[in-house]
There are 2 protein chains.
Amino acid sequence: MTQPSLRARKRQRARDEIIEAAYRLFAERGYDEVTVADIAERAEVGRTTFFRYFGDKQEVVFAGEQDWLDDLAAHHRNLRGDGPPGLSEALAQVRELTLALCARATLDPGRHVLRERLIADHPELGDRTARKQRRFAETMAEILREHGASAETAALAPQLALACYTAGRAVAGDDPAALTPSVAAAFDRLGLLPPTA
Amino acid sequence: MTQPSLRARKRQRARDEIIEAAYRLFAERGYDEVTVADIAERAEVGRTTFFRYFGDKQEVVFAGEQDWLDDLAAHHRNLRGDGPPGLSEALAQVRELTLALCARATLDPGRHVLRERLIADHPELGDRTARKQRRFAETMAEILREHGASAETAALAPQLALACYTAGRAVAGDDPAALTPSVAAAFDRLGLLPPTA
DNA sequence: TTCCAATTGGTACTCGGTACCATAAGGGAC
DNA sequence: GTCCCTTATGGTACCGAGTACCAATTGGAA
């Protein structure tokens, strides 16, 4: 395997150092008490450079997560069943993706817990989380439509998945290990709804 | 009925004029091209005063909506069935509230359409919408718990309602009249999910 | 009228975010 | 190696959102 170019490596290192510096400072002082200038100084880059790597201060909190979504979406684009999916089939598909996403959270538990705490304490970070989720839902909807699902199904199934995810997250609190089972349980309860609820 | 005090009337008038000025300017120039100073000048108040009535620039876009939620929540606190609600009963209750909320959107169609356009064009306003929805869900969850629902049911039912709302909104586009039927249809499909989906 | 509380608008400040510019450094062609 | 082009960097200067503070005005009640 060929090494990435020196440029690319430097770039990656700078990015990682900014994230590292940011999380350390957030852990020490809290989100509001850390300025972008502080992060840049700790990471030994200019303030301008910070904004070249991250569109805004919030983005550094969620660094990397967008990649997960894109990965998952790309991976899922190839998985198709037979014929256009109805709501049940669509739900089963987004369920898979959602649970895969939950599993990622346990990869770096320490950072996960800190991030959950930051989000809980700062409404604007919760807002930003919601933006990511919207994007996830839209991507899923797009894929479902490509697979022949109706507009209604494509819109509803991903939103239901998000509902199960959010509800599961609320039940699990910030315990990374509890996340996946809680979300799975929510999906299960969805399947047990009696007709004409 | 006694008239509210002169102070209260002036206060209400100032607030209304700020909202009016803001919406007019947003319609003319778009959200980004209007500064808080512009709004304040048009409304003939000081910039400082703007921030006394609205916590930030985004808040003026959603002025009044929070009142709806509080109203509805208060109203719903008194509606109780017999015994602790299961998921189906909880879902039926939040369904009522959600549809009532949709109906409000048709009260001022012009402003509704403009607001939807602003939200669609500006991600940060979409984020803020999500914040309101989170708060709605949390309030509903609280009420459900008061009525004896389990933590899981209380967390899941409001999120499912939000899912139906969001999906319905996506299908309806910015047509106020289409909103309620679309959302209702989403709820209906939820009741038709076969067991062990 | 007098006094208190509420409201106002101005000034000055911090911080997030952007535009612009001169400089440095990587990477390829020769 | 050296030339040249592209990319990345950091600094300066600017704008707008949001906050703290203060002096002046105004509503309301004694």
# chains A, B, ... in the order shown; residues from 1 in each chain; ligands from 1
call {"tool": "closest_atom_pairs", "arguments": {"of": "chain C", "to": "chain A", "cutoff": "10 Å", "atoms": "only C-alpha atoms (C1' of nucleotides)", "output": "Markdown table"}}
result
| residue | atom | partner | partner_atom | distance |
| --- | --- | --- | --- | --- |
| C:DC15 | C1' | A:Thr35 | CA | 7.4 |
| C:DG16 | C1' | A:Asp56 | CA | 7.9 |
| C:DG17 | C1' | A:Asp56 | CA | 7.6 |
| C:DT18 | C1' | A:Phe51 | CA | 9.7 |
| C:DA25 | C1' | A:Arg7 | CA | 9.4 |
| C:DG26 | C1' | A:Arg7 | CA | 6.4 |
| C:DG27 | C1' | A:Arg7 | CA | 9.2 |
call {"tool": "residues_around", "arguments": {"residues": "A:Thr139", "least_positions_apart": "5", "cutoff": "10 Å", "atoms": "only C-alpha atoms (C1' of nucleotides)", "output": "list in words"}}
result
Leu69, Asp70, Ala73, Ala74, Arg77, Gln133, Arg134, Leu144, Arg145, Ala154 and Pro158 of chain A
call {"tool": "interface_residues", "arguments": {"of": "chain D", "to": "chain B", "cutoff": "9 Å", "atoms": "only C-alpha atoms (C1' of nucleotides)", "output": "number ranges by chain"}}
result
D: 16-18, 27
call {"tool": "write_last_selection", "arguments": {"atoms": "N, CA and C atoms (P, O5', C5', C4', C3', O3' and C1' of nucleotides)", "output": "CSV table (one decimal), in the first residue's frame"}}
result
chain,number,residue,atom,x,y,z
D,16,DG,P,-22.9,44.5,8.8
D,16,DG,O5',-23.4,43.3,9.8
D,16,DG,C5',-23.4,42.0,9.3
D,16,DG,C4',-23.7,41.1,10.4
D,16,DG,C3',-24.8,41.5,11.4
D,16,DG,O3',-25.6,40.5,11.8
D,16,DG,C1',-22.8,41.2,12.6
D,17,DA,P,-26.9,40.6,12.6
D,17,DA,O5',-26.6,39.7,13.9
D,17,DA,C5',-26.3,38.3,13.6
D,17,DA,C4',-25.9,37.7,14.9
D,17,DA,C3',-26.8,37.8,16.1
D,17,DA,O3',-26.8,36.5,16.8
D,17,DA,C1',-24.7,38.7,16.7
D,18,DG,P,-28.0,36.2,17.8
D,18,DG,O5',-27.4,36.8,19.2
D,18,DG,C5',-26.4,36.0,19.8
D,18,DG,C4',-25.7,36.8,20.9
D,18,DG,C3',-26.7,37.3,22.0
D,18,DG,O3',-26.3,36.7,23.2
D,18,DG,C1',-25.1,38.9,21.4
D,27,DG,P,-45.9,56.9,29.7
D,27,DG,O5',-46.4,55.7,30.7
D,27,DG,C5',-46.2,54.4,30.4
D,27,DG,C4',-46.4,53.5,31.6
D,27,DG,C3',-47.8,53.6,32.2
D,27,DG,O3',-48.2,52.4,32.6
D,27,DG,C1',-46.0,54.1,33.8
call {"tool": "closest_atom_pairs", "arguments": {"of": "chain B", "to": "chain A", "cutoff": "9 Å", "atoms": "only C-alpha atoms", "output": "CSV"}}
result
residue,atom,partner,partner_atom,distance
B:Leu87,CA,A:Leu193,CA,7.7
B:Ser88,CA,A:Ala197,CA,5.4
B:Glu89,CA,A:Ala197,CA,7.5
B:Leu91,CA,A:Ala197,CA,7.5
B:Ala92,CA,A:Ala197,CA,6.8
B:Pro123,CA,A:Arg131,CA,7.5
B:Glu124,CA,A:Asp127,CA,8.1
B:Gly126,CA,A:Arg131,CA,7.3
B:Asp127,CA,A:Asp127,CA,4.7
B:Arg128,CA,A:Asp127,CA,6.2
B:Thr129,CA,A:Asp127,CA,8.4
B:Ala130,CA,A:Ala130,CA,6.3
B:Arg131,CA,A:Asp127,CA,5.8
B:Ala151,CA,A:Val171,CA,7.1
B:Glu152,CA,A:Val171,CA,6.6
B:Thr153,CA,A:Ala167,CA,8.8
B:Ala154,CA,A:Ala167,CA,8.6
B:Ala155,CA,A:Ala167,CA,5.0
B:Leu156,CA,A:Ala167,CA,5.0
B:Ala157,CA,A:Ala167,CA,8.5
B:Pro158,CA,A:Ala163,CA,8.4
B:Gln159,CA,A:Ala163,CA,4.7
B:Leu160,CA,A:Ala163,CA,5.5
B:Ala161,CA,A:Ala163,CA,8.5
B:Leu162,CA,A:Ala163,CA,7.6
B:Ala163,CA,A:Gln159,CA,4.8
B:Cys164,CA,A:Leu156,CA,6.6
B:Thr166,CA,A:Gln159,CA,7.2
B:Ala167,CA,A:Ala155,CA,5.0
B:Gly168,CA,A:Ala155,CA,7.8
B:Ala170,CA,A:Ala155,CA,6.8
B:Val171,CA,A:Glu152,CA,6.7
B:Ser182,CA,A:Glu152,CA,8.8
B:Ala186,CA,A:Leu156,CA,7.1
B:Phe187,CA,A:Ala197,CA,8.8
B:Asp188,CA,A:Thr196,CA,7.1
B:Arg189,CA,A:Leu87,CA,8.3
B:Leu190,CA,A:Ala197,CA,7.9
B:Gly191,CA,A:Thr196,CA,4.7
B:Leu192,CA,A:Pro195,CA,4.9
B:Leu193,CA,A:Gly191,CA,6.6
B:Pro194,CA,A:Gly191,CA,6.6
B:Pro195,CA,A:Gly191,CA,4.8
B:Thr196,CA,A:Gly191,CA,4.7
B:Ala197,CA,A:Gly191,CA,4.8
call {"tool": "residues_around", "arguments": {"residues": "D:DG11", "least_positions_apart": "2", "cutoff": "10 Å", "atoms": "only C-alpha atoms (C1' of nucleotides)", "output": "list in words"}}
result
Gly46, Arg47 and Thr48 of chain A; DC21 and DA22 of chain C; DT9 and DA13 of chain D
call {"tool": "closest_residue", "arguments": {"among": "A:Met140, A:Cys102, A:Val61, A:Val94", "to": "A:Ala27", "atoms": "only C-alpha atoms"}}
result
A:Val61
call {"tool": "residues_around", "arguments": {"residues": "D:DT26", "least_positions_apart": "6", "cutoff": "12 Å", "atoms": "only C-alpha atoms (C1' of nucleotides)", "output": "PDB file with C-alpha atoms (C1' of nucleotides), in the first residue's frame"}}
result
ATOM      1  CA  LEU B   6     -50.930  50.811  29.330  1.00  0.00           C
ATOM      2  CA  ARG B   7     -47.513  49.288  29.934  1.00  0.00           C
ATOM      3  CA  LYS B  10     -47.268  49.202  24.723  1.00  0.00           C
TER       4      LYS B  10
ATOM      5  C1'  DC C   4     -40.440  53.482  42.840  1.00  0.00           C
ATOM      6  C1'  DA C   5     -40.181  50.115  39.325  1.00  0.00           C
ATOM      7  C1'  DA C   6     -40.105  49.056  34.668  1.00  0.00           C
ATOM      8  C1'  DT C   7     -38.585  50.160  30.137  1.00  0.00           C
ATOM      9  C1'  DT C   8     -35.770  52.276  26.982  1.00  0.00           C
TER      10       DT C   8
END
